[in-house]
Structure formats: C-alpha cells, structure tokens
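Printed here is run.txt (compact mmCIF, C-alpha atoms):
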```txt
# COMPACT_ATOMS: atom_id res chain seq x y z
CA MET B 83 201.80 2.92 -28.03
CA ALA B 84 201.40 3.95 -24.44
CA ARG B 85 200.91 7.56 -23.48
CA ILE B 86 203.60 8.70 -21.01
CA ILE B 87 202.57 11.26 -18.40
CA VAL B 88 204.96 12.90 -15.95
CA VAL B 89 203.69 14.24 -12.63
CA THR B 90 206.07 17.01 -11.68
CA SER B 91 206.34 20.20 -9.59
CA GLY B 92 209.89 21.23 -8.79
CA LYS B 93 209.04 21.83 -5.14
CA GLY B 94 208.69 18.90 -2.76
CA GLY B 95 205.69 18.05 -0.63
CA VAL B 96 203.04 19.54 -2.91
CA GLY B 97 201.34 16.24 -3.75
CA LYS B 98 203.13 14.61 -6.69
CA THR B 99 203.01 11.10 -5.28
CA THR B 100 199.44 11.52 -3.97
CA THR B 101 198.48 12.71 -7.45
CA SER B 102 200.38 9.94 -9.26
CA ALA B 103 198.67 7.28 -7.15
CA ALA B 104 195.19 8.80 -7.53
CA PHE B 105 195.58 9.48 -11.26
CA ALA B 106 196.90 5.98 -11.99
CA MET B 107 194.10 4.36 -10.00
CA GLY B 108 191.54 6.56 -11.76
CA LEU B 109 192.77 5.51 -15.20
CA ALA B 110 192.83 1.85 -14.15
CA GLU B 111 189.28 2.13 -12.82
CA ARG B 112 188.16 3.35 -16.23
CA GLY B 113 189.58 0.17 -17.72
CA PHE B 114 192.95 1.36 -18.99
CA LYS B 115 195.99 -0.78 -18.37
CA THR B 116 198.17 1.57 -16.35
CA VAL B 117 201.59 1.46 -14.72
CA VAL B 118 202.91 4.05 -12.28
CA ILE B 119 206.68 4.40 -11.89
CA ASP B 120 208.50 5.91 -8.93
CA PHE B 121 211.49 7.96 -10.19
CA ASP B 122 212.58 9.04 -6.72
CA VAL B 123 215.65 6.82 -6.48
CA GLY B 124 216.94 6.71 -2.92
CA LEU B 125 213.71 8.03 -1.39
CA ARG B 126 210.99 5.76 -2.65
CA ASN B 127 207.51 6.43 -1.33
CA LEU B 128 205.02 5.63 -4.04
CA ASP B 129 204.87 2.02 -2.79
CA LEU B 130 203.77 3.31 0.63
CA ILE B 131 201.08 5.58 -0.80
CA MET B 132 199.85 2.69 -2.97
CA GLY B 133 199.95 0.31 0.00
CA CYS B 134 202.27 -2.25 -1.60
CA GLU B 135 205.48 -1.53 0.31
CA ARG B 136 205.79 -5.06 1.67
CA ARG B 137 205.61 -6.60 -1.76
CA VAL B 138 208.66 -4.87 -3.25
CA VAL B 139 211.18 -7.48 -4.40
CA PHE B 140 212.90 -5.93 -7.41
CA ASP B 141 212.88 -2.29 -8.41
CA PHE B 142 213.37 0.13 -11.32
CA VAL B 143 217.17 0.20 -10.97
CA ASN B 144 217.36 -3.61 -10.83
CA VAL B 145 215.56 -3.66 -14.17
CA ILE B 146 217.78 -0.99 -15.72
CA GLN B 147 220.91 -2.81 -14.57
CA GLY B 148 219.64 -6.15 -15.87
CA ASP B 149 219.34 -7.85 -12.46
CA ALA B 150 215.64 -8.46 -13.02
CA ASN B 151 213.21 -8.21 -15.87
CA VAL B 152 210.30 -5.78 -15.94
CA GLY B 153 207.78 -8.51 -15.19
CA GLN B 154 209.60 -9.48 -11.99
CA ALA B 155 209.71 -5.90 -10.72
CA LEU B 156 206.12 -4.88 -11.47
CA ILE B 157 203.75 -5.11 -8.50
CA LYS B 158 200.15 -5.86 -9.37
CA ASP B 159 197.65 -3.79 -7.45
CA LYS B 160 195.38 -5.91 -5.26
CA ARG B 161 192.36 -3.68 -5.77
CA ASN B 162 192.48 -3.23 -9.53
CA PRO B 163 193.78 -5.75 -12.07
CA ASN B 164 194.61 -2.98 -14.59
CA LEU B 165 197.07 -1.24 -12.27
CA PHE B 166 200.77 -1.96 -11.70
CA VAL B 167 203.49 -0.23 -9.70
CA LEU B 168 207.18 -0.09 -10.56
CA PRO B 169 208.94 0.93 -7.33
CA ALA B 170 212.07 3.04 -7.10
CA SER B 171 215.23 1.62 -5.63
CA GLN B 172 216.58 2.68 -2.26
CA THR B 173 220.12 2.83 -3.61
CA ARG B 174 222.04 5.99 -2.91
CA ASP B 175 223.83 5.79 -6.22
CA LYS B 176 222.64 8.93 -7.98
CA ASP B 177 223.77 7.71 -11.38
CA ALA B 178 221.68 4.54 -11.21
CA LEU B 179 219.17 5.99 -13.67
CA THR B 180 220.46 6.45 -17.21
CA ILE B 181 218.66 7.92 -20.18
CA ASP B 182 219.16 4.75 -22.25
CA GLY B 183 218.10 2.51 -19.37
CA VAL B 184 214.94 4.50 -18.68
CA GLY B 185 214.17 4.67 -22.41
CA LYS B 186 214.42 0.89 -22.77
CA VAL B 187 212.20 0.18 -19.75
CA LEU B 188 209.56 2.66 -20.98
CA GLU B 189 209.68 1.13 -24.44
CA GLU B 190 209.11 -2.33 -23.01
CA LEU B 191 206.26 -1.14 -20.77
CA GLY B 192 204.76 0.68 -23.74
CA ARG B 193 204.08 -2.64 -25.43
CA ASP B 194 201.82 -3.82 -22.58
CA PHE B 195 200.33 -0.68 -21.10
CA GLU B 196 198.09 2.14 -22.31
CA TYR B 197 199.23 4.72 -19.78
CA ILE B 198 202.60 5.12 -18.06
CA ILE B 199 202.62 7.57 -15.14
CA CYS B 200 206.05 8.85 -14.09
CA ASP B 201 206.08 10.09 -10.50
CA SER B 202 208.91 12.64 -10.50
CA PRO B 203 211.08 13.41 -7.47
CA ALA B 204 211.32 17.02 -6.29
CA GLY B 205 214.14 19.19 -7.59
CA ILE B 206 215.74 19.36 -11.02
CA GLU B 207 218.33 16.61 -10.63
CA ARG B 208 218.65 13.51 -12.77
CA GLY B 209 215.58 11.63 -11.46
CA ALA B 210 213.35 14.62 -12.17
CA THR B 211 214.79 15.37 -15.62
CA LEU B 212 214.60 11.70 -16.64
CA ALA B 213 211.01 11.41 -15.38
CA MET B 214 210.00 14.18 -17.80
CA TYR B 215 212.36 13.42 -20.68
CA PHE B 216 210.17 10.84 -22.46
CA ALA B 217 206.81 12.38 -21.48
CA ASP B 218 203.95 13.09 -23.87
CA ASP B 219 201.92 14.94 -21.22
CA ALA B 220 202.80 16.66 -17.96
CA ILE B 221 200.74 17.31 -14.86
CA VAL B 222 202.32 20.25 -13.03
CA VAL B 223 201.26 20.02 -9.38
CA THR B 224 201.17 23.39 -7.63
CA ASN B 225 200.12 24.63 -4.20
CA PRO B 226 198.69 28.16 -4.05
CA GLU B 227 201.85 29.36 -2.35
CA VAL B 228 204.72 31.53 -3.62
CA SER B 229 207.60 29.04 -3.67
CA SER B 230 205.51 26.30 -5.26
CA VAL B 231 204.23 28.61 -8.00
CA ARG B 232 207.71 29.86 -8.75
CA ASP B 233 209.13 26.34 -8.93
CA SER B 234 206.29 25.25 -11.18
CA ASP B 235 207.10 28.09 -13.55
CA ARG B 236 210.71 26.89 -13.67
CA MET B 237 209.59 23.34 -14.38
CA ILE B 238 207.36 24.54 -17.22
CA GLY B 239 210.43 26.15 -18.78
CA ILE B 240 212.45 22.94 -18.38
CA LEU B 241 209.59 20.83 -19.78
CA SER B 242 209.57 22.86 -22.97
CA SER B 243 213.32 22.74 -23.51
CA LYS B 244 214.78 19.53 -22.06
CA SER B 245 212.58 16.74 -23.30
CA ARG B 246 212.77 14.19 -26.07
CA ARG B 247 209.96 15.99 -27.86
CA ALA B 248 211.84 19.30 -27.70
CA GLU B 249 215.11 17.72 -28.85
CA GLN B 250 213.50 15.93 -31.78
CA ASN B 251 211.40 18.97 -32.77
CA LEU B 252 208.18 17.06 -32.21
CA GLU B 253 204.96 18.58 -30.94
CA GLY B 254 205.65 19.81 -27.39
CA ILE B 255 204.62 18.10 -24.17
CA ARG B 256 200.98 18.83 -23.34
CA GLU B 257 201.15 20.59 -20.00
CA HIS B 258 198.33 20.72 -17.47
CA LEU B 259 198.09 22.57 -14.18
CA LEU B 260 196.78 20.80 -11.09
CA VAL B 261 196.30 23.02 -8.05
CA THR B 262 196.34 21.06 -4.80
CA ARG B 263 195.66 21.88 -1.14
CA TYR B 264 193.28 24.65 -2.20
CA SER B 265 191.36 26.27 0.61
CA PRO B 266 188.44 28.47 -0.52
CA GLU B 267 188.08 29.74 3.07
CA ARG B 268 191.62 31.07 3.13
CA VAL B 269 191.26 32.51 -0.36
CA GLN B 270 188.15 34.35 0.78
CA ARG B 271 190.05 35.76 3.75
CA GLY B 272 192.81 36.96 1.44
CA GLU B 273 195.34 34.60 2.98
CA MET B 274 195.86 32.39 -0.04
CA LEU B 275 196.50 32.99 -3.73
CA ALA B 276 193.26 32.55 -5.64
CA LEU B 277 193.01 30.02 -8.42
CA GLU B 278 192.77 32.81 -11.02
CA ASP B 279 196.01 34.32 -9.70
CA VAL B 280 197.90 31.04 -10.01
CA GLN B 281 196.48 30.49 -13.49
CA GLU B 282 197.29 34.03 -14.55
CA ILE B 283 200.91 33.66 -13.49
CA LEU B 284 201.50 30.19 -14.93
CA SER B 285 199.08 30.50 -17.88
CA LEU B 286 198.53 26.77 -18.19
CA ASP B 287 195.46 24.67 -18.94
CA LEU B 288 193.80 23.84 -15.60
CA ILE B 289 193.06 20.12 -15.29
CA GLY B 290 191.88 20.14 -11.70
CA VAL B 291 191.72 21.73 -8.27
CA ILE B 292 192.10 19.45 -5.27
CA PRO B 293 190.73 21.02 -2.10
CA GLU B 294 192.59 20.77 1.20
CA SER B 295 191.08 17.67 2.80
CA PRO B 296 191.76 15.46 5.82
CA SER B 297 191.07 12.51 3.55
CA VAL B 298 194.47 12.88 1.85
CA LEU B 299 196.38 12.12 5.05
CA ASN B 300 193.90 9.45 6.12
CA SER B 301 194.30 7.71 2.78
CA SER B 302 198.09 7.86 2.82
CA ASN B 303 198.08 6.52 6.38
CA ALA B 304 196.19 3.51 5.10
CA GLY B 305 198.06 3.10 1.81
CA VAL B 306 194.96 3.74 -0.29
CA PRO B 307 194.96 6.16 -3.24
CA VAL B 308 192.70 9.03 -2.15
CA ILE B 309 190.59 8.74 -5.31
CA LEU B 310 189.06 5.60 -3.74
CA ASP B 311 187.63 7.70 -0.91
CA ARG B 312 184.57 8.52 -2.96
CA ASP B 313 182.84 10.51 -0.25
CA SER B 314 185.71 12.94 0.16
CA SER B 315 186.02 16.19 -1.75
CA ALA B 316 189.64 15.36 -2.65
CA GLY B 317 188.67 11.93 -4.00
CA GLN B 318 185.89 13.45 -6.10
CA ALA B 319 188.14 16.23 -7.37
CA TYR B 320 190.75 13.66 -8.47
CA ASN B 321 188.00 11.69 -10.19
CA ASP B 322 186.98 14.84 -12.11
CA MET B 323 190.60 15.44 -13.04
CA VAL B 324 190.95 11.96 -14.55
CA ALA B 325 187.73 12.49 -16.51
CA ARG B 326 189.02 15.83 -17.83
CA TYR B 327 192.31 14.22 -18.82
CA LEU B 328 190.31 11.72 -20.87
CA GLY B 329 188.50 14.53 -22.64
CA GLU B 330 185.35 15.11 -20.59
CA ASP B 331 184.33 18.72 -20.11
CA LEU B 332 183.48 19.06 -16.42
CA PRO B 333 183.13 22.26 -14.38
CA HIS B 334 185.62 22.67 -11.53
CA ARG B 335 184.17 22.00 -8.08
CA PHE B 336 185.02 22.86 -4.47
CA LEU B 337 186.14 26.39 -5.41
CA THR B 338 183.88 28.36 -3.12
CA VAL B 339 183.17 28.37 0.59
CA GLU B 340 180.30 26.11 1.44
CA LYS B 341 177.49 28.11 2.95
CA LYS B 342 176.68 26.91 6.40
CA GLY B 343 173.10 26.65 7.52
CA LEU B 344 171.91 28.33 10.71
CA LEU B 345 172.61 25.22 12.76
CA GLY B 346 176.04 24.91 11.22
CA ARG B 347 176.81 28.47 12.16
CA LEU B 348 175.56 28.06 15.70
CA PHE B 349 177.50 24.90 16.33
CA GLY B 350 180.50 25.69 14.14
CA GLY B 351 179.65 22.71 11.86
CA MET M 295 179.40 48.63 7.66
CA ALA M 296 182.62 49.55 9.38
CA LEU M 297 183.11 45.97 10.43
CA LEU M 298 182.70 44.76 6.86
CA ASP M 299 185.19 47.34 5.61
CA PHE M 300 187.66 46.09 8.17
CA PHE M 301 187.44 42.60 6.75
CA LYS M 302 187.58 43.86 3.18
CA GLN M 303 190.78 45.66 3.99
CA ARG M 304 192.26 42.48 5.37
CA LYS M 305 191.36 40.76 2.14
CA SER M 306 193.98 42.74 0.25
CA ASN M 307 196.63 41.47 2.63
CA SER M 308 199.00 38.61 2.10
CA ALA M 309 197.49 36.96 -0.99
CA SER M 310 197.78 40.10 -3.09
CA ILE M 311 201.31 40.69 -1.85
CA ALA M 312 202.12 37.11 -2.88
CA LYS M 313 200.69 37.68 -6.33
CA GLU M 314 202.60 40.90 -6.87
CA ARG M 315 205.91 39.39 -5.72
CA LEU M 316 205.38 36.34 -7.90
CA GLN M 317 204.61 38.33 -11.03
CA ILE M 318 207.86 40.25 -10.74
CA LEU M 319 209.89 37.18 -9.84
CA VAL M 320 208.48 34.94 -12.53
CA ALA M 321 209.01 37.60 -15.20
CA HIS M 322 212.63 37.84 -14.06
CA ASP M 323 213.12 34.06 -13.95
CA ARG M 324 211.69 33.69 -17.43
CA ARG M 325 214.21 36.08 -18.89
CA GLY M 326 216.76 33.61 -17.55
CA GLY M 327 218.56 36.53 -15.90
CA GLY M 328 219.80 37.63 -19.36
CA PRO M 329 223.40 37.42 -20.58
CA SER M 330 225.99 36.18 -18.09
CA TYR M 331 227.75 39.56 -17.84
CA LEU M 332 224.67 41.26 -16.34
CA PRO M 333 225.48 40.67 -12.64
CA GLN M 334 229.04 42.00 -13.11
CA LEU M 335 227.73 44.98 -15.09
CA GLN M 336 225.36 45.70 -12.24
CA ARG M 337 228.19 45.57 -9.66
CA ASP M 338 230.42 47.82 -11.81
CA LEU M 339 227.63 50.34 -12.27
CA LEU M 340 227.01 50.40 -8.53
CA LYS M 341 230.71 51.05 -7.92
CA VAL M 342 230.88 53.91 -10.43
CA ILE M 343 227.70 55.61 -9.23
CA ARG M 344 228.81 55.32 -5.63
CA LYS M 345 231.79 57.52 -6.44
CA TYR M 346 229.27 60.32 -6.72
CA VAL M 347 226.10 59.35 -4.85
CA ALA M 348 225.43 57.01 -1.95
CA ILE M 349 222.91 54.44 -3.17
CA ASP M 350 221.57 51.11 -1.98
CA ASN M 351 222.36 47.75 -3.54
CA ASP M 352 218.91 47.48 -5.03
CA ALA M 353 219.01 50.96 -6.58
CA VAL M 354 220.49 49.66 -9.81
CA SER M 355 218.62 47.12 -11.87
CA VAL M 356 219.80 45.79 -15.19
CA SER M 357 217.82 43.65 -17.58
CA VAL M 358 217.77 42.61 -21.19
CA GLU M 359 214.55 42.31 -23.08
CA GLN M 360 213.88 40.85 -26.46
CA ASP M 361 211.92 43.11 -28.77
CA GLY M 362 211.43 41.43 -32.11
CA ALA M 363 214.78 41.25 -33.84
CA HIS M 364 216.75 43.34 -31.37
CA GLU M 365 217.54 43.24 -27.67
CA ILE M 366 217.03 46.16 -25.35
CA LEU M 367 219.39 46.64 -22.41
CA GLU M 368 217.41 48.38 -19.72
CA LEU M 369 219.18 50.17 -16.87
CA ASN M 370 217.16 51.49 -14.01
CA ILE M 371 218.97 53.63 -11.46
CA VAL M 372 217.04 55.05 -8.56
CA LEU M 373 218.73 58.05 -6.95
CA PRO M 374 217.96 58.92 -3.35
CA ASP M 375 215.79 61.99 -2.67
```
When written as structure tokens, how does the structure in this file appear?
Amino acid sequence: MARIIVVTSGKGGVGKTTTSAAFAMGLAERGFKTVVIDFDVGLRNLDLIMGCERRVVFDFVNVIQGDANVGQALIKDKRNPNLFVLPASQTRDKDALTIDGVGKVLEELGRDFEYIICDSPAGIERGATLAMYFADDAIVVTNPEVSSVRDSDRMIGILSSKSRRAEQNLEGIREHLLVTRYSPERVQRGEMLALEDVQEILSLDLIGVIPESPSVLNSSNAGVPVILDRDSSAGQAYNDMVARYLGEDLPHRFLTVEKKGLLGRLFGG
Amino acid sequence: MALLDFFKQRKSNSASIAKERLQILVAHDRRGGGPSYLPQLQRDLLKVIRKYVAIDNDAVSVSVEQDGAHEILELNIVLPD
C-alpha cells in the first residue's frame, strides 16, 4: 500500500508546487518509487517545475474519464527512474475531478508506487478538497506572514474534518508544518514572524524550515526541483525535510543570521 | 547604548503586531464564528444600545465558548468614556 501525502496551504504562492517537486524527488533519490500528481486542474504548473512540460500527452482528467490509462499519462522523470509525474489537465471544466475517479486512480497507483504526493491547488474548492481527501499525511506549507498562517489554520481544520480518514473514523491525517521563505535577517529585525510564533499559533509538528533563497527561482526557471541544487540552503533544507519525514531526527538549520566576518562586513558580503 | 535601544524598540514592531492579530483571528476562526444567529444578535444588540448610547460598530462583540458540557454566550459591550 502506498502512503498518500497531500501538500497543501490554502493560500496560493507559498511554495506548494516547489515543495511537491522537491519532496517527490527527495523520496525518489532515497530509492522509493514515487509519483507526484498535480491536482490544479485548469492551471497546471507542476510539469513546468519538474521540467517535463513538453512531454505531457495525457493527463489526470483523461485518465479519470477513461480516455487514457494511468500508464499512458504518467511521465517518467529523466533524472531519476523512481520518479513519475501525473500532470493536471488544462480543461476549464471544474467538475472534471470526481471523488470516485480520483479514488480509482489513487488505488491503481497504490499498487505500483510507495509514495503518492498530491500537489494541491490553492483555495478550498474541489481540487483542493479532493487532493486531501484520500491523504494519510499532510504537509502544510506556510509563509511567516499573516494571511498564509491564517489560511493554514483553516486548512488544518478542514484536514481534520473533511477527509476519508475522518469520515471513516480512522486515525487522523498526520499533519506536518513546513515553513517556507523564512528570512532570519528579517526575523531579527522584527519584520517577520519568528518560527516559534508560527508554531505557537498553528501548534503543528515542524517538519522543516526552507530559507528564502535565490536558488528556488533559479531552479524553477530551469525546471529542476530545488532539492537537486545541493549547494543551496533551500536544497539542503528540503533534503533535511525528506529525511525527517522518513523518521530521521535532524536539527533544523538556517534559522539564525549567518555571522559575517570582518571582510564580509566591509564589503557587504 | 542609545543606538542599540533604538533598534531594540524597532524589533517589537510589525512582527509582534502580526502575532497578536493572528492569535485573536485564529481563535475566532476556530470557534467557527459560533451559531448562525450570532451576527444578527450582534446587529440587534447594537441597535438597542444605540437607542441610549452612541457606540461604534466594534463596541459589541458576541461569542460562544464551549466549557465542558455547556456553552457560554459571552457579550462584551464597550461603552464610550
């Protein structure tokens, strides 16, 4: 049985797709057969972030509607043989995703894969609720910013009430907090909510902190999951997050301002 | 150390405001706004009180809290000085 993980946030633009791509690649790199599914029907972007946009032939909705089988729609990652992408459709038909259809596709994927990552769209419409409905685990992506924190709190409420696990009285979805775009400099200046503040408000297990990093945009420009940029702080932080998800106990990094040496101070390093 | 104090003062600026606002808001959101009649109750209360005192829209707050087996309806009316 595959483990199903939803990457969600409520608010848009906080890093769900970046996280889905990095997390999926990280699991694949550790040898797990992983598929990442784009639930953002009408506004697909995961294919771009993964760098496989020109190889999309069939999509998630085609599979649900029986126009293609799962095997035809899956795109095999060129960098890692364990990783596959199931792209969203660009249809504007909001009702294209159905609970039965999604359930069947996940069940079929569950026979071949160890991890299924569901990249949720923003908002609380059908795509977002279906992305979380079948989940075993949730990664709640949050920026240290008021609207993102509030939306995350709303999503946590929805996760605990409107999922298969809640409806069938099973053990609840395991929820993890991932704080992204964290800037220790701005926290130190009192311009940004500190990690402890976000944790205190959301009271969720912290699975990682991704520092603000130019590497995230550079990687998305190139269609490479940022976790593959091993020299970057963001890539390393995602790598830590994957390790923690798999049970390793690692301290959080990149939480404090790096002390500049004398030369760094003189030349603004 | 006047310069340092200046920066320390700045530190309590926007981030702490954000935290305070969020704590209030999230607590409110989590209560789900309470029963559906609460907003109307709040408007009616405002109307009645305004017959006697001029108050602002935000002077009346109404909330329901769960306390074990029973619910507590909390009314908070701030009168002007």
Can you tell me, as a compact mmCIF listing (two decimals) with C-alpha atoms, keeping the file's coordinate frame, what residues are no more than 10 Å from M:Pro374 when counting all atoms listed in the file, ignoring any on the same chain fewer than 3 positions away?
```
# COMPACT_ATOMS: atom_id res chain seq x y z
CA VAL M 347 226.10 59.35 -4.85
CA ALA M 348 225.43 57.01 -1.95
CA ILE M 349 222.91 54.44 -3.17
CA ASP M 350 221.57 51.11 -1.98
CA ALA M 353 219.01 50.96 -6.58
CA ILE M 371 218.97 53.63 -11.46
```
Smallest atom-to-atom distance to chain M: which of B:Ser234, B:Ser297, B:Gln250, B:Ser102, using all atoms listed in the file? B:Ser234
Expected answer as a VMD selection string: chain B residues within 9 Å of chain M, only C-alpha atoms: chain B and resid 227 to 229 231 to 232 235 to 236 239 269 to 276 279 to 280 283 to 284
At a cut-off of 6 Å, using only C-alpha atoms, what residues contact stretch 301-310 of chain B? Leave out same-chain residues fewer than 5 positions from it and give the result as a ChimeraX atom specification. /B:103-104,130-133,317,320
Quick check, in Å to one decimal: how far apart do atom CA of B:Lys93 and atom CA of B:Thr224 lie? 8.4 Å
I'd like the neighbourhood of M:Arg337 as JSON, numbers by chain, where a residue qualifies if any of its atoms comes within 12 Å (using all atoms listed in the file), though same-chain residues fewer than 4 positions away should be ignored. {"M": [331, 332, 333, 341, 342, 343, 344, 350, 351, 352, 353, 354, 355, 356]}
Could you take the residues named above and write them with C-alpha atoms, as a PDB file, in the frame of the given file?
```pdb
ATOM      1  CA  TYR M 331     227.750  39.560 -17.840  1.00  0.00           C
ATOM      2  CA  LEU M 332     224.670  41.260 -16.340  1.00  0.00           C
ATOM      3  CA  PRO M 333     225.480  40.670 -12.640  1.00  0.00           C
ATOM      4  CA  LYS M 341     230.710  51.050  -7.920  1.00  0.00           C
ATOM      5  CA  VAL M 342     230.880  53.910 -10.430  1.00  0.00           C
ATOM      6  CA  ILE M 343     227.700  55.610  -9.230  1.00  0.00           C
ATOM      7  CA  ARG M 344     228.810  55.320  -5.630  1.00  0.00           C
ATOM      8  CA  ASP M 350     221.570  51.110  -1.980  1.00  0.00           C
ATOM      9  CA  ASN M 351     222.360  47.750  -3.540  1.00  0.00           C
ATOM     10  CA  ASP M 352     218.910  47.480  -5.030  1.00  0.00           C
ATOM     11  CA  ALA M 353     219.010  50.960  -6.580  1.00  0.00           C
ATOM     12  CA  VAL M 354     220.490  49.660  -9.810  1.00  0.00           C
ATOM     13  CA  SER M 355     218.620  47.120 -11.870  1.00  0.00           C
ATOM     14  CA  VAL M 356     219.800  45.790 -15.190  1.00  0.00           C
TER      15      VAL M 356
END
```
What's around stretch 241-246 of chain B at 7 Å? Count only C-alpha atoms, leave out sequence neighbours fewer than 5 positions away in its own chain, and write the answer as a ChimeraX atom specification. /B:214-216,254-255
For atom CA of B:Thr101 and atom CA of B:Pro333, quote the distance in Å rounded to one decimal.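 Value for the atom CA of B:Thr101-atom CA of B:Pro333 distance: 19.4 Å.
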Using atom CA of B:Gln154 and atom CA of B:Asp141 as the two end points, give the distance in Å to one decimal. 8.7 Å
Please determine, counting only C-alpha atoms, which residue among B:Gly329, B:Gly97, B:Gly113, B:Gly192 has the shortest atom-to-atom distance to B:Glu294.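 Once distances to B:Glu294 are computed over only C-alpha atoms, the minimum belongs to B:Gly97.
Near M:Pro329, within a cut-off of 12 Å and counting all atoms listed in the file, sit the residues M:Arg325, M:Gly326, M:Gly327, M:Tyr331, M:Leu332, M:Pro333, M:Gln334, M:Leu335, M:Gln336, M:Val356, M:Ser357, M:Val358, M:Glu359, M:Gln360, M:Glu365, M:Ile366, M:Leu367, with same-chain residues fewer than 2 positions away left out.
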